[in-house]
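Written below as structure tokens is the structure these notes are about.
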Amino acid sequence: MRQRSAAAATGFSEKELRRLIRKRVPRDRVPLRINVKDTSDFSRVDYDDVVVLAGVPYLVRNNEREGRFGIEDEPKFWVKRAINLLTGEVRILKWVFRELFNARIGSLVFECVRSPQKEARILELVRGRADFMQGETVSDSSGSPLRILDYIRGRTLSEITLSFGSSHEEFFSARYPALLSEFIQAVEAIRFLHENGEKHGDIRRDHLIKDDLTGQYRWIDFDYNYRHSVSRFGYDLFGLGNVLLFITGRGDVTTQRLLHDAPDALARLSEDDVNIVFKNRVANLAKVYPYIPEALNRVLMHFSQGATVYYETTEELLDDLGEVRGRLNA
Amino acid sequence: MSAETNDRMKDKHVLIAVDESENAKRAMLYVADFLGGFPGFRATLLSVIPEPEADFFENEEARKAWTREQLDSANRMLENYRQVLIQSGFPPEKVRSRSCVGDAKSLSEIILEVQCEMSCCTVVVGRGHKTKSEEFILGSLSSQLVHQAKNCAVWVVE
């Protein structure tokens with residue numbers, strides 16, 4: 001009886017919801033009981049529950065996960081995949097909250113915030129752009145903001161890069177030029193943010209997803225902000241550098257890996273050749289893969305321990321990458 | 001032409017950009033030591049409070065309170081530094097101070113705007129001792145000033 005009241009209070013009877021669910025999932029996946037949940041607390045919303053947001057019923061599926069560095073994926077209990085029962089489209093429901101914390105990058109510690117208002121601002125700024133995740137903000141049952149985000153079907157830049165080519169040389173000649181062009185487009189997208197005074201805040205290779213529908217990379221998860229010092233976009237540029245090193249090396253080329261696979265290449269490296277922060281990652285990739293052109297390696301070396309000048313704007317990086325692309329395609 | 005205007009025209013105007021760091025204090029002390037007591041110089045102490053980005057505050061009131069607190073603290077520091085310059089021999093009327101709150105512009109742009117507005121011939125800053133990774137990610141004010149300054153000298157005090 002109570003279930004029926006809960007369902008009715010949302011504007012949908014249990015019978016209607018069951019009918020809608022049957023249209024969207026296989027018969028054997030239709031829940032035995034229709035649980036319409038209050039949306040004010042994400043921890044009480046589980047798989048197979050129904051939530052109603054802005055008058056639209058959603059069938060909740062799994063929590064989203066975030067994983068990298070080979071560590072088992074971490075479930076994000078506040079981010080749930082769901083099916084819009086009216087249209088059948090998959091959406092991401094994200095309960096937003098503000099969180100201050102210190103981020104540690106190597107030995108550097110700086111203040112960061114997970115900011116709902118930043119994410120809302122950027123969603124507004126990038127509305128309609130194919131190179132960013134899209135979404136809207138609605139209110140949960142307690143009046144707090146809750147994000148409904150488009151679900152992007154596709155693989156991350158990380159997954160795609162690692163899937164290319166049998167050898168690095170084959171990858172570099174056959175796949176890299178196109179991959180670099182796509183990366184340049186992704187940097188253009190970040191330039192758009194920077195020109196509008198916004199940082200991405202968490203630039204990582206798994207925050208770029210190639211949309212199966214459009215074939216274009218889209219940036220996701222831009223709700224972080226970091227307390228910048230003199231360089232407003234320094235941390236974003238550092239992130240872009242790490243992604244560039246990753247795609248150029250077809251993965252992180254680490255000193256540990258070289259010790260095992262290519263001790264000769266490791267012996268050629270000096271202190272200046274490693275990543276400016278992550279000292280076990282190689283930045284001077286031409287010493288490992290000699291066919292990497294000098295112009296490209298010069299760009300990579302801006303992110304090395306031996307760098308004496310750094311990129312301060314995406315424009316500077318794009319200028320150099322444009323030149324490299326021209327030479328690779330010549 | 002009044003004597004004061006005449007003085008002002010002839011004076012070399014030095015802008016000292018400071019914050020609460022030891023590096024900035026060293027820069028101010030260098031100017032005091034180097035120019036204090038010599039005629040023909042005036043100095044302005046400038047402190048720019050870092051931009052209080054709204055994302056870091058619970059609400060607008062908290063942001064305003066933080067800004068007020070930072071400005072109060074900067075103004076106290078500026079007054080102390082002003083007294084040091086006066087004691088080193090700068091005439092009191094030739095030492096001024098100014099504090100402001102940063103915005104979306106870079107710190108170096110703000111400093112150079114003040115330099116231009118006040119027709120300062122020299123900008124003085126302390127050199128921070130950052131590691132390479134800190135300089136990359138956090139940035140370097142002295143590097144930015146050296147690269148961006150036009151029509152003025154930049155003293156970077158070690």
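In the structure tokens, the first chain shown is A, the next is B, and so on; residue numbers restart at 1 for each chain, and ligands run from 1 in the order shown.
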Please tabulate, as a tab-separated table, the residues of chain A that come within 6 Å of chain B, each with its closest pair of atoms and the distance in Å to one decimal, counting only C-alpha atoms and ordering rows by chain, then residue number upward.
residue	atom	partner	partner_atom	distance
A:Ser115	CA	B:Asp55	CA	5.9
A:Ser229	CA	B:Leu138	CA	5.1
A:Val230	CA	B:Gly139	CA	4.9
A:Ser231	CA	B:Gly139	CA	4.5
A:Gly234	CA	B:Ile137	CA	4.4
A:Tyr235	CA	B:Ile137	CA	5.1
A:Ile276	CA	B:Ser133	CA	5.6
A:Val277	CA	B:Ser133	CA	5.7
Residues just named, written with N, CA and C atoms as a CSV table (one decimal), in the first residue's frame:
chain,number,residue,atom,x,y,z
A,115,SER,N,33.3,21.4,-7.0
A,115,SER,CA,32.3,22.5,-7.0
A,115,SER,C,31.1,22.3,-7.9
A,229,SER,N,48.1,29.5,-8.4
A,229,SER,CA,49.0,30.6,-7.9
A,229,SER,C,49.2,31.6,-9.0
A,230,VAL,N,50.4,31.8,-9.4
A,230,VAL,CA,50.7,32.8,-10.5
A,230,VAL,C,50.2,32.3,-11.8
A,231,SER,N,50.3,31.0,-12.1
A,231,SER,CA,49.8,30.5,-13.3
A,231,SER,C,48.4,29.9,-13.2
A,234,GLY,N,48.2,26.5,-15.2
A,234,GLY,CA,49.4,25.6,-15.1
A,234,GLY,C,49.1,24.2,-14.9
A,235,TYR,N,48.1,23.9,-14.0
A,235,TYR,CA,47.8,22.5,-13.7
A,235,TYR,C,47.1,21.8,-14.9
A,276,ILE,N,58.5,16.0,-15.5
A,276,ILE,CA,58.9,17.1,-14.5
A,276,ILE,C,58.3,16.8,-13.1
A,277,VAL,N,57.3,16.0,-13.0
A,277,VAL,CA,56.7,15.6,-11.7
A,277,VAL,C,56.9,14.1,-11.4
Exercise for review: Write out as a list in words which residues come within 10 Å of Thr39 in chain A when counting only C-alpha atoms, dropping same-chain ones fewer than 4 positions away.
Suggested key: Ser43, Arg44, Val45, Val50, Val51, Val52, Leu53, Trp95, Ser139, Asp140, Ser141, Ser142, Gly143, Ser144 and Leu146 of chain A
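Between CA of Asp221 in chain A and CA of Ala130 in chain A lies a distance of 14.9 Å.
The space separating CA of Gly154 in chain A from CA of Asp212 in chain A comes to 5.0 Å.
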Exercise for review: Name the residues of range 37-137 of chain A that fall into strand (DSSP E or B) according to DSSP on the backbone, using the chain letters and numbers of this document, as a PyMOL selection string.
Suggested key: chain A and resi 50-53+56-66+74-84+90-95+99-105+108-114+132+135-137
Pull C-alpha atoms from the residues just selected and write them as a PDB file, in the first residue's frame.
ATOM      1  CA  VAL A  50      12.777   4.270  -9.823  1.00  0.00           C
ATOM      2  CA  VAL A  51      13.394   7.972  -9.209  1.00  0.00           C
ATOM      3  CA  VAL A  52      11.332  10.784 -10.636  1.00  0.00           C
ATOM      4  CA  LEU A  53      13.127  13.997 -11.528  1.00  0.00           C
ATOM      5  CA  VAL A  56      10.470  12.176 -15.642  1.00  0.00           C
ATOM      6  CA  PRO A  57      10.785   8.632 -14.224  1.00  0.00           C
ATOM      7  CA  TYR A  58      14.217   6.964 -14.385  1.00  0.00           C
ATOM      8  CA  LEU A  59      15.056   3.333 -13.762  1.00  0.00           C
ATOM      9  CA  VAL A  60      18.329   3.260 -11.852  1.00  0.00           C
ATOM     10  CA  ARG A  61      21.041   0.909 -13.038  1.00  0.00           C
ATOM     11  CA  ASN A  62      24.631   0.615 -11.746  1.00  0.00           C
ATOM     12  CA  ASN A  63      26.829   3.116  -9.978  1.00  0.00           C
ATOM     13  CA  GLU A  64      29.437   4.624 -12.265  1.00  0.00           C
ATOM     14  CA  ARG A  65      33.045   3.746 -11.599  1.00  0.00           C
ATOM     15  CA  GLU A  66      36.323   5.504 -11.955  1.00  0.00           C
ATOM     16  CA  GLU A  74      36.267   2.765  -7.543  1.00  0.00           C
ATOM     17  CA  PRO A  75      32.468   2.938  -7.482  1.00  0.00           C
ATOM     18  CA  LYS A  76      31.087   6.468  -7.378  1.00  0.00           C
ATOM     19  CA  PHE A  77      27.944   5.966  -5.321  1.00  0.00           C
ATOM     20  CA  TRP A  78      26.753   9.484  -6.054  1.00  0.00           C
ATOM     21  CA  VAL A  79      26.848   8.903  -9.823  1.00  0.00           C
ATOM     22  CA  LYS A  80      24.328   6.401 -11.190  1.00  0.00           C
ATOM     23  CA  ARG A  81      23.468   5.247 -14.642  1.00  0.00           C
ATOM     24  CA  ALA A  82      19.731   5.306 -15.326  1.00  0.00           C
ATOM     25  CA  ILE A  83      17.213   4.834 -18.119  1.00  0.00           C
ATOM     26  CA  ASN A  84      14.810   7.620 -18.924  1.00  0.00           C
ATOM     27  CA  VAL A  90      20.505   6.276 -20.912  1.00  0.00           C
ATOM     28  CA  ARG A  91      21.423   9.145 -18.618  1.00  0.00           C
ATOM     29  CA  ILE A  92      23.866   9.699 -15.787  1.00  0.00           C
ATOM     30  CA  LEU A  93      22.319  10.962 -12.569  1.00  0.00           C
ATOM     31  CA  LYS A  94      24.837  12.820 -10.477  1.00  0.00           C
ATOM     32  CA  TRP A  95      24.107  13.962  -6.950  1.00  0.00           C
ATOM     33  CA  GLU A  99      34.032  19.130  -1.109  1.00  0.00           C
ATOM     34  CA  LEU A 100      37.291  20.863  -0.201  1.00  0.00           C
ATOM     35  CA  PHE A 101      40.442  18.768  -0.161  1.00  0.00           C
ATOM     36  CA  ASN A 102      44.176  18.899  -0.730  1.00  0.00           C
ATOM     37  CA  ALA A 103      45.458  17.304  -3.922  1.00  0.00           C
ATOM     38  CA  ARG A 104      48.943  15.881  -4.044  1.00  0.00           C
ATOM     39  CA  ILE A 105      50.867  15.737  -7.314  1.00  0.00           C
ATOM     40  CA  LEU A 108      53.237  19.340  -4.579  1.00  0.00           C
ATOM     41  CA  VAL A 109      50.158  19.864  -2.440  1.00  0.00           C
ATOM     42  CA  PHE A 110      47.453  22.330  -3.371  1.00  0.00           C
ATOM     43  CA  GLU A 111      43.941  23.153  -2.358  1.00  0.00           C
ATOM     44  CA  CYS A 112      41.158  21.766  -4.524  1.00  0.00           C
ATOM     45  CA  VAL A 113      37.404  21.920  -4.478  1.00  0.00           C
ATOM     46  CA  ARG A 114      34.726  19.750  -6.038  1.00  0.00           C
ATOM     47  CA  PHE A 132      32.163  18.485 -23.985  1.00  0.00           C
ATOM     48  CA  GLY A 135      23.769  17.986 -19.144  1.00  0.00           C
ATOM     49  CA  GLU A 136      21.185  19.869 -17.189  1.00  0.00           C
ATOM     50  CA  THR A 137      20.460  20.610 -13.548  1.00  0.00           C
TER      51      THR A 137
END
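If you count only C-alpha atoms and ignore residues fewer than 6 places along the chain from range 11-25 of chain B, what sits within 7 Å of it is Gly40, Phe41, Arg42, Ala43, Thr44, Leu45, Leu46, Ser47, Gln115, Cys120, Cys121, Thr122, Val123, Val124, Val125, Gly126, Arg127 and Gly128 of chain B.
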Go ahead and save the residues from that selection, with N, CA and C atoms, as a compact mmCIF listing (two decimals), in the first residue's frame.
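Okay, part23.txt is ready:
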# COMPACT_ATOMS: atom_id res chain seq x y z
N GLY B 40 65.74 61.87 -5.15
CA GLY B 40 65.31 61.61 -6.53
C GLY B 40 64.58 60.29 -6.73
N PHE B 41 64.20 59.64 -5.63
CA PHE B 41 63.47 58.38 -5.77
C PHE B 41 62.16 58.43 -4.97
N ARG B 42 61.18 57.81 -5.48
CA ARG B 42 59.95 57.56 -4.71
C ARG B 42 59.58 56.09 -4.90
N ALA B 43 58.86 55.56 -3.94
CA ALA B 43 58.53 54.13 -4.01
C ALA B 43 57.05 53.91 -3.71
N THR B 44 56.48 52.95 -4.40
CA THR B 44 55.12 52.51 -4.08
C THR B 44 55.18 51.02 -3.78
N LEU B 45 54.62 50.65 -2.64
CA LEU B 45 54.50 49.24 -2.26
C LEU B 45 53.15 48.74 -2.72
N LEU B 46 53.14 47.63 -3.43
CA LEU B 46 51.88 47.10 -3.97
C LEU B 46 51.68 45.67 -3.49
N SER B 47 50.48 45.42 -2.98
CA SER B 47 50.13 44.04 -2.61
C SER B 47 48.84 43.65 -3.32
N GLN B 115 52.03 49.60 -12.72
CA GLN B 115 53.31 50.22 -13.13
C GLN B 115 53.07 51.27 -14.22
N CYS B 120 55.86 54.05 -13.27
CA CYS B 120 57.04 53.59 -12.52
C CYS B 120 58.11 53.14 -13.54
N CYS B 121 59.35 53.48 -13.26
CA CYS B 121 60.40 53.10 -14.21
C CYS B 121 60.96 51.71 -13.87
N THR B 122 60.67 51.24 -12.66
CA THR B 122 61.24 49.96 -12.24
C THR B 122 60.22 49.18 -11.40
N VAL B 123 60.14 47.87 -11.67
CA VAL B 123 59.32 46.99 -10.83
C VAL B 123 60.28 46.07 -10.07
N VAL B 124 60.06 45.95 -8.77
CA VAL B 124 60.94 45.11 -7.96
C VAL B 124 60.13 43.97 -7.36
N VAL B 125 60.63 42.75 -7.52
CA VAL B 125 59.99 41.58 -6.87
C VAL B 125 61.08 40.69 -6.28
N GLY B 126 60.67 39.89 -5.34
CA GLY B 126 61.59 38.89 -4.79
C GLY B 126 61.54 37.64 -5.63
N ARG B 127 62.61 36.91 -5.62
CA ARG B 127 62.63 35.67 -6.39
C ARG B 127 62.27 34.50 -5.48
N GLY B 128 61.22 33.79 -5.86
CA GLY B 128 60.83 32.63 -5.07
C GLY B 128 61.75 31.47 -5.38
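Of the residues under consideration (A:Val274, A:Ile34, A:Val126, A:Ala330), A:Val126 shows the shortest atom-to-atom contact distance to Phe192 in chain A when counting only C-alpha atoms.
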**Study point:** Non-local contacts of range 294-301 of chain A (7 Å; only C-alpha atoms; under 5 positions in same chain excluded) as a PyMOL selection string
**Key:** chain A and resi 245+283-286+307+320+324
Check your understanding: Between CA of Ile160 in chain A and CA of Met133 in chain A, what is the distance, to one decimal in Å?
Key -> 18.5 Å
Point to revise | Which residue of A:Ala186, A:Val30, A:Leu317, A:Val309 approaches Ile209 in chain A most closely, using only C-alpha atoms | key: A:Ala186
**Study point:** Residue set, range 185-307 of chain A restricted to helix (DSSP H, G or I), as a PyMOL selection string
**Key:** chain A and resi 185-195+205-207+234-249+255-261+263-268+271-273+285-287+294-301
Point to revise | Test item: residues at most 10 Å from Asp202 in chain A, only C-alpha atoms, excluding those fewer than 3 positions along its chain, as JSON, numbers by chain | key: {"A": [199, 205, 207, 220, 221, 222, 223, 224, 225, 226, 235, 236, 239, 240]}
Next, write the just-selected residues to a file, as a short mmCIF file (atom, residue, chain, number, x, y, z; two decimals), in the first residue's frame, keeping C-alpha atoms as the atom set.
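Final file, result.cif:
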data_model
loop_
_atom_site.label_atom_id
_atom_site.label_comp_id
_atom_site.auth_asym_id
_atom_site.auth_seq_id
_atom_site.Cartn_x
_atom_site.Cartn_y
_atom_site.Cartn_z
CA LYS A 199 39.79 25.69 -15.91
CA ARG A 205 43.39 10.67 -20.38
CA HIS A 207 38.37 12.14 -18.93
CA ILE A 220 33.99 14.95 -19.04
CA ASP A 221 34.16 15.59 -15.28
CA PHE A 222 34.99 19.27 -15.00
CA ASP A 223 33.64 19.90 -11.50
CA TYR A 224 37.09 20.23 -9.88
CA ASN A 225 38.80 23.54 -9.36
CA TYR A 226 42.26 24.06 -7.95
CA TYR A 235 47.79 22.50 -13.72
CA ASP A 236 45.56 22.08 -16.77
CA GLY A 239 47.50 17.51 -17.49
CA LEU A 240 47.58 18.12 -21.24
#
Check your understanding: Which polymer residues have any atom within 8 Å of an atom of Asp211 in chain A, counting only C-alpha atoms, with same-chain residues fewer than 4 positions away left out, as a ChimeraX atom specification?
Key -> /A:152-155,215-218
